Amino acid sequence: MINVIGLGYIGLPTALMFAAHGLEVVGTDSNSAVVDELVAGNITFKEDGLKPLFDRALAGSIRFSTDYQIADTYIVSVPTPYDKETKKIDASIVCAAVSTIVDVCSDGATIIIESTVSPGTIDRCVRPLLAGRSIDLVHAPERIIPGKMMHELIHNARTIGADNADTAQRVRQLYSSFCVGEITTTDIRTAELTKVVENTFRDINIAFANELARLCHEAELDVYEVIRIANMHPRVNILNPGPGVGGHCISVDPWFLVGDYPETVDIIRTARHVNDTQPSYVLHRIKEVMAAEDINDISRVGLYGLAYKEDVDDTRESPSLRLLELLGDDAARIQTYDPHVDAGRTQQSADSLSAFLERVDMVVIMVGHDQIRESMQMLAGKVILDTRHICDLPGVHSL
């Protein structure tokens with residue numbers, strides 16, 4: 001039996017995927033409200049394909065509980081935040097989960113850490129908790145993104161870090177029950193660093209695009225035209241800029257390296273600074289556009305999109321929410337709307353696109369949801385600041 005610890009954006013789909021492919025699974029979460037919802041047959045967040053997978057898992061062999069179980073295999077998928085001051089990982093939630101597992105499990109069990117951790121965290125913080133016990137320890141970092149979870153769970157490559165080849169192959173076979181992507185086996189520390197490096201690479205590339213947007217605006221050049229032409233080079237692939245980096249991966253994981261190697265990671269630290277300050281740059285552009293278009297009342301400005309990326313309800317580290325924090329008292333006056341996020345999330349949140357547009361003279365497109373892409377003509381006549389480069393209406397302002 002598999003006991004999956006943590007039923008959030010990673011743990012729940014993982015538990016369901018194993019159960020839907022014939023394995024006995026118990027999903028455990030400390031939040032009784034989450035467990036109650038799942039027991040009642042309700043999924044706890046929006047994701048394409050999650051409900052059908054949930055139904056398949058329920059038809060198979062899955063249960064949900066707040067209690068840790070006696071199992072052969074434990075998969076830990078709990079949050080790994082970082083300390084805002086030191087930038088070091090806070091592994092306390094992972095360690096608490098492992099400590100409880102050790103209290104209930106039998107010798108011979110396998111504990112798989114899926115949570116993303118900084119290099120050395122498992123040796124430093126987790127392994128000591130297993131002292132005197134015959135328990136196999138594995139790191140199999142998750143590699144899925146909200147909006148594409150079902151596809152990526154099945155098709156993405158996976159990395160299995162283990163202490164020995166036999167354990168690695170056994171866990172590799174376990175994930176092969178549903179994963180058709182290439183599964184690589186290695187040691188635990190390499191698996192730790194590989195996952196963090198993947199997200200750091202993406203963060204650096206996004207930061208370059210965002211800094212290029214600022215440069216081009218100052219130089220009075222079209223950043224998208226510059227990128228289009230530069231990308232004609234066979235070895236150049238510049239991303240488009242945006243309003244900032246959100247989610248609990250790219251915006252968090254690089255800080256682990258900054259915290260652990262502060263004298264070494266200059267580029268990584270700078271990229272994080274660029275992307276973390278991008279919402280501030282967007283606010284600067286909002287004020288510039290308001291002045292240029294003679295808009296004096298912030299309550300006539302609206303942010304479209306509160307999620308951190310398109311077509312999900314996930315607002316973790318959302319650039320829009322960080323921009324609202326920067327607005328201070330004005331945050332209570334600016335209008336917001338997101339078709340995927342609860343209308344009560346902000347003080348002036350509309351419950352429909354049409355209601356949102358009736359309240360504003362200026363729209364700031366923060367997220368490229370399918371809804372806005374398919375309804376762009378509804379924005380005709382509005383002043384538009386498009387941070388996602390998706391609007392082709394005349395007179396649109398860009399980053």
# chains A, B, ... in the order shown; residues from 1 in each chain; ligands from 1
$ residues_around --residues "Gly381 of chain A" --least-positions-apart "3" --cutoff "9 Å" --atoms "only C-alpha atoms" --output "PyMOL selection string"
chain A and resi 361+378+384
$ residues_around --residues "Asp136 of chain A" --least-positions-apart "5" --cutoff "10 Å" --atoms "only C-alpha atoms" --output "VMD selection string"
chain A and resid 73 107 to 112 127 130 162 to 164 167 to 168
$ atom_distance --atom1 "atom CA of Ala219 of chain A" --atom2 "atom CA of Asp386 of chain A"
18.8 Å
$ atom_distance --atom1 "atom CA of Leu221 of chain A" --atom2 "atom CA of Asp297 of chain A"
28.7 Å
$ closest_residue --among "A:Ile144, A:Ile89, A:Ile5, A:Ile122" --to "Ile101 of chain A" --atoms "only C-alpha atoms"
A:Ile5
$ residues_around --residues "Ala332 of chain A" --least-positions-apart "2" --cutoff "7 Å" --atoms "only C-alpha atoms" --output "ChimeraX atom specification"
/A:329-330,334,347-348
$ write_last_selection --atoms "C-alpha atoms" --output "PDB file, in the first residue's frame"
ATOM      1  CA  ASP A 329      -4.429  51.739   0.310  1.00  0.00           C
ATOM      2  CA  ASP A 330      -5.251  52.007  -3.391  1.00  0.00           C
ATOM      3  CA  ILE A 334      -8.633  49.093  -8.020  1.00  0.00           C
ATOM      4  CA  GLN A 347     -12.080  43.991  -2.222  1.00  0.00           C
ATOM      5  CA  GLN A 348     -13.229  45.156  -5.659  1.00  0.00           C
TER       6      GLN A 348
END
$ closest_residue --among "A:Ser398, A:Asn199, A:Asn205, A:Gln335" --to "Arg143 of chain A" --atoms "only C-alpha atoms"
A:Asn199
$ decode --residues "segment 188-236 of chain A" --atoms "N, CA and C atoms" --output "compact mmCIF listing (two decimals), in the first residue's frame"
# COMPACT_ATOMS: atom_id res chain seq x y z
N ILE A 188 20.78 10.65 -4.35
CA ILE A 188 19.81 11.59 -3.79
C ILE A 188 20.24 13.04 -3.97
N ARG A 189 21.50 13.37 -3.70
CA ARG A 189 21.95 14.76 -3.79
C ARG A 189 21.88 15.28 -5.22
N THR A 190 22.19 14.42 -6.20
CA THR A 190 22.08 14.83 -7.60
C THR A 190 20.63 15.09 -7.97
N ALA A 191 19.73 14.24 -7.49
CA ALA A 191 18.30 14.45 -7.76
C ALA A 191 17.82 15.75 -7.15
N GLU A 192 18.29 16.06 -5.95
CA GLU A 192 17.91 17.32 -5.30
C GLU A 192 18.32 18.52 -6.15
N LEU A 193 19.58 18.55 -6.54
CA LEU A 193 20.08 19.71 -7.28
C LEU A 193 19.47 19.80 -8.67
N THR A 194 19.28 18.64 -9.31
CA THR A 194 18.73 18.66 -10.67
C THR A 194 17.38 19.36 -10.71
N LYS A 195 16.51 19.05 -9.75
CA LYS A 195 15.18 19.67 -9.76
C LYS A 195 15.27 21.18 -9.54
N VAL A 196 16.09 21.60 -8.59
CA VAL A 196 16.22 23.03 -8.32
C VAL A 196 16.84 23.75 -9.52
N VAL A 197 17.81 23.11 -10.18
CA VAL A 197 18.47 23.71 -11.34
C VAL A 197 17.48 23.88 -12.49
N GLU A 198 16.59 22.93 -12.68
CA GLU A 198 15.60 23.06 -13.76
C GLU A 198 14.78 24.34 -13.61
N ASN A 199 14.28 24.58 -12.42
CA ASN A 199 13.46 25.77 -12.20
C ASN A 199 14.29 27.05 -12.19
N THR A 200 15.53 26.95 -11.74
CA THR A 200 16.41 28.11 -11.75
C THR A 200 16.76 28.52 -13.18
N PHE A 201 17.00 27.56 -14.04
CA PHE A 201 17.25 27.84 -15.45
C PHE A 201 16.10 28.62 -16.07
N ARG A 202 14.89 28.20 -15.78
CA ARG A 202 13.72 28.89 -16.33
C ARG A 202 13.60 30.29 -15.76
N ASP A 203 13.89 30.43 -14.46
CA ASP A 203 13.80 31.74 -13.81
C ASP A 203 14.79 32.73 -14.44
N ILE A 204 15.99 32.27 -14.72
CA ILE A 204 17.00 33.13 -15.32
C ILE A 204 16.57 33.57 -16.72
N ASN A 205 16.03 32.66 -17.49
CA ASN A 205 15.59 33.01 -18.85
C ASN A 205 14.44 34.01 -18.83
N ILE A 206 13.52 33.84 -17.89
CA ILE A 206 12.41 34.79 -17.76
C ILE A 206 12.94 36.16 -17.35
N ALA A 207 13.91 36.16 -16.43
CA ALA A 207 14.48 37.43 -15.97
C ALA A 207 15.15 38.18 -17.12
N PHE A 208 15.82 37.47 -18.00
CA PHE A 208 16.45 38.12 -19.15
C PHE A 208 15.40 38.81 -20.02
N ALA A 209 14.28 38.11 -20.26
CA ALA A 209 13.20 38.70 -21.07
C ALA A 209 12.60 39.91 -20.37
N ASN A 210 12.40 39.83 -19.06
CA ASN A 210 11.82 40.95 -18.32
C ASN A 210 12.77 42.16 -18.30
N GLU A 211 14.04 41.90 -18.12
CA GLU A 211 15.00 43.01 -18.14
C GLU A 211 15.10 43.62 -19.53
N LEU A 212 15.00 42.78 -20.54
CA LEU A 212 15.02 43.28 -21.91
C LEU A 212 13.82 44.18 -22.19
N ALA A 213 12.67 43.84 -21.62
CA ALA A 213 11.48 44.68 -21.79
C ALA A 213 11.70 46.06 -21.18
N ARG A 214 12.31 46.11 -20.02
CA ARG A 214 12.59 47.40 -19.38
C ARG A 214 13.57 48.21 -20.23
N LEU A 215 14.60 47.54 -20.72
CA LEU A 215 15.59 48.22 -21.57
C LEU A 215 14.94 48.80 -22.82
N CYS A 216 14.12 47.98 -23.48
CA CYS A 216 13.49 48.43 -24.73
C CYS A 216 12.51 49.57 -24.48
N HIS A 217 11.81 49.54 -23.36
CA HIS A 217 10.90 50.65 -23.06
C HIS A 217 11.69 51.94 -22.88
N GLU A 218 12.81 51.86 -22.18
CA GLU A 218 13.63 53.04 -21.97
C GLU A 218 14.24 53.53 -23.28
N ALA A 219 14.57 52.60 -24.16
CA ALA A 219 15.17 52.95 -25.45
C ALA A 219 14.13 53.26 -26.52
N GLU A 220 12.85 53.19 -26.16
CA GLU A 220 11.73 53.43 -27.08
C GLU A 220 11.78 52.48 -28.27
N LEU A 221 11.95 51.20 -27.95
CA LEU A 221 11.95 50.14 -28.95
C LEU A 221 10.87 49.11 -28.59
N ASP A 222 10.43 48.36 -29.59
CA ASP A 222 9.43 47.31 -29.40
C ASP A 222 10.13 46.02 -28.99
N VAL A 223 9.99 45.63 -27.73
CA VAL A 223 10.70 44.46 -27.25
C VAL A 223 10.29 43.20 -27.99
N TYR A 224 9.03 43.12 -28.40
CA TYR A 224 8.56 41.92 -29.07
C TYR A 224 9.14 41.81 -30.48
N GLU A 225 9.34 42.94 -31.14
CA GLU A 225 9.98 42.93 -32.44
C GLU A 225 11.46 42.55 -32.30
N VAL A 226 12.10 43.07 -31.27
CA VAL A 226 13.50 42.72 -31.01
C VAL A 226 13.62 41.22 -30.76
N ILE A 227 12.74 40.68 -29.93
CA ILE A 227 12.79 39.25 -29.63
C ILE A 227 12.49 38.42 -30.88
N ARG A 228 11.50 38.84 -31.67
CA ARG A 228 11.14 38.09 -32.88
C ARG A 228 12.34 37.96 -33.82
N ILE A 229 13.03 39.07 -34.02
CA ILE A 229 14.16 39.05 -34.95
C ILE A 229 15.34 38.28 -34.35
N ALA A 230 15.61 38.50 -33.07
CA ALA A 230 16.73 37.80 -32.43
C ALA A 230 16.51 36.29 -32.45
N ASN A 231 15.26 35.86 -32.29
CA ASN A 231 14.96 34.43 -32.27
C ASN A 231 15.07 33.76 -33.63
N MET A 232 15.28 34.55 -34.68
CA MET A 232 15.55 33.95 -35.99
C MET A 232 16.92 33.28 -36.02
N HIS A 233 17.80 33.69 -35.12
CA HIS A 233 19.10 33.04 -35.01
C HIS A 233 18.88 31.61 -34.54
N PRO A 234 19.54 30.64 -35.15
CA PRO A 234 19.26 29.23 -34.83
C PRO A 234 19.61 28.82 -33.40
N ARG A 235 20.43 29.62 -32.72
CA ARG A 235 20.82 29.24 -31.36
C ARG A 235 20.30 30.23 -30.31
N VAL A 236 19.27 31.01 -30.67
CA VAL A 236 18.68 31.97 -29.75
C VAL A 236 17.20 31.64 -29.56
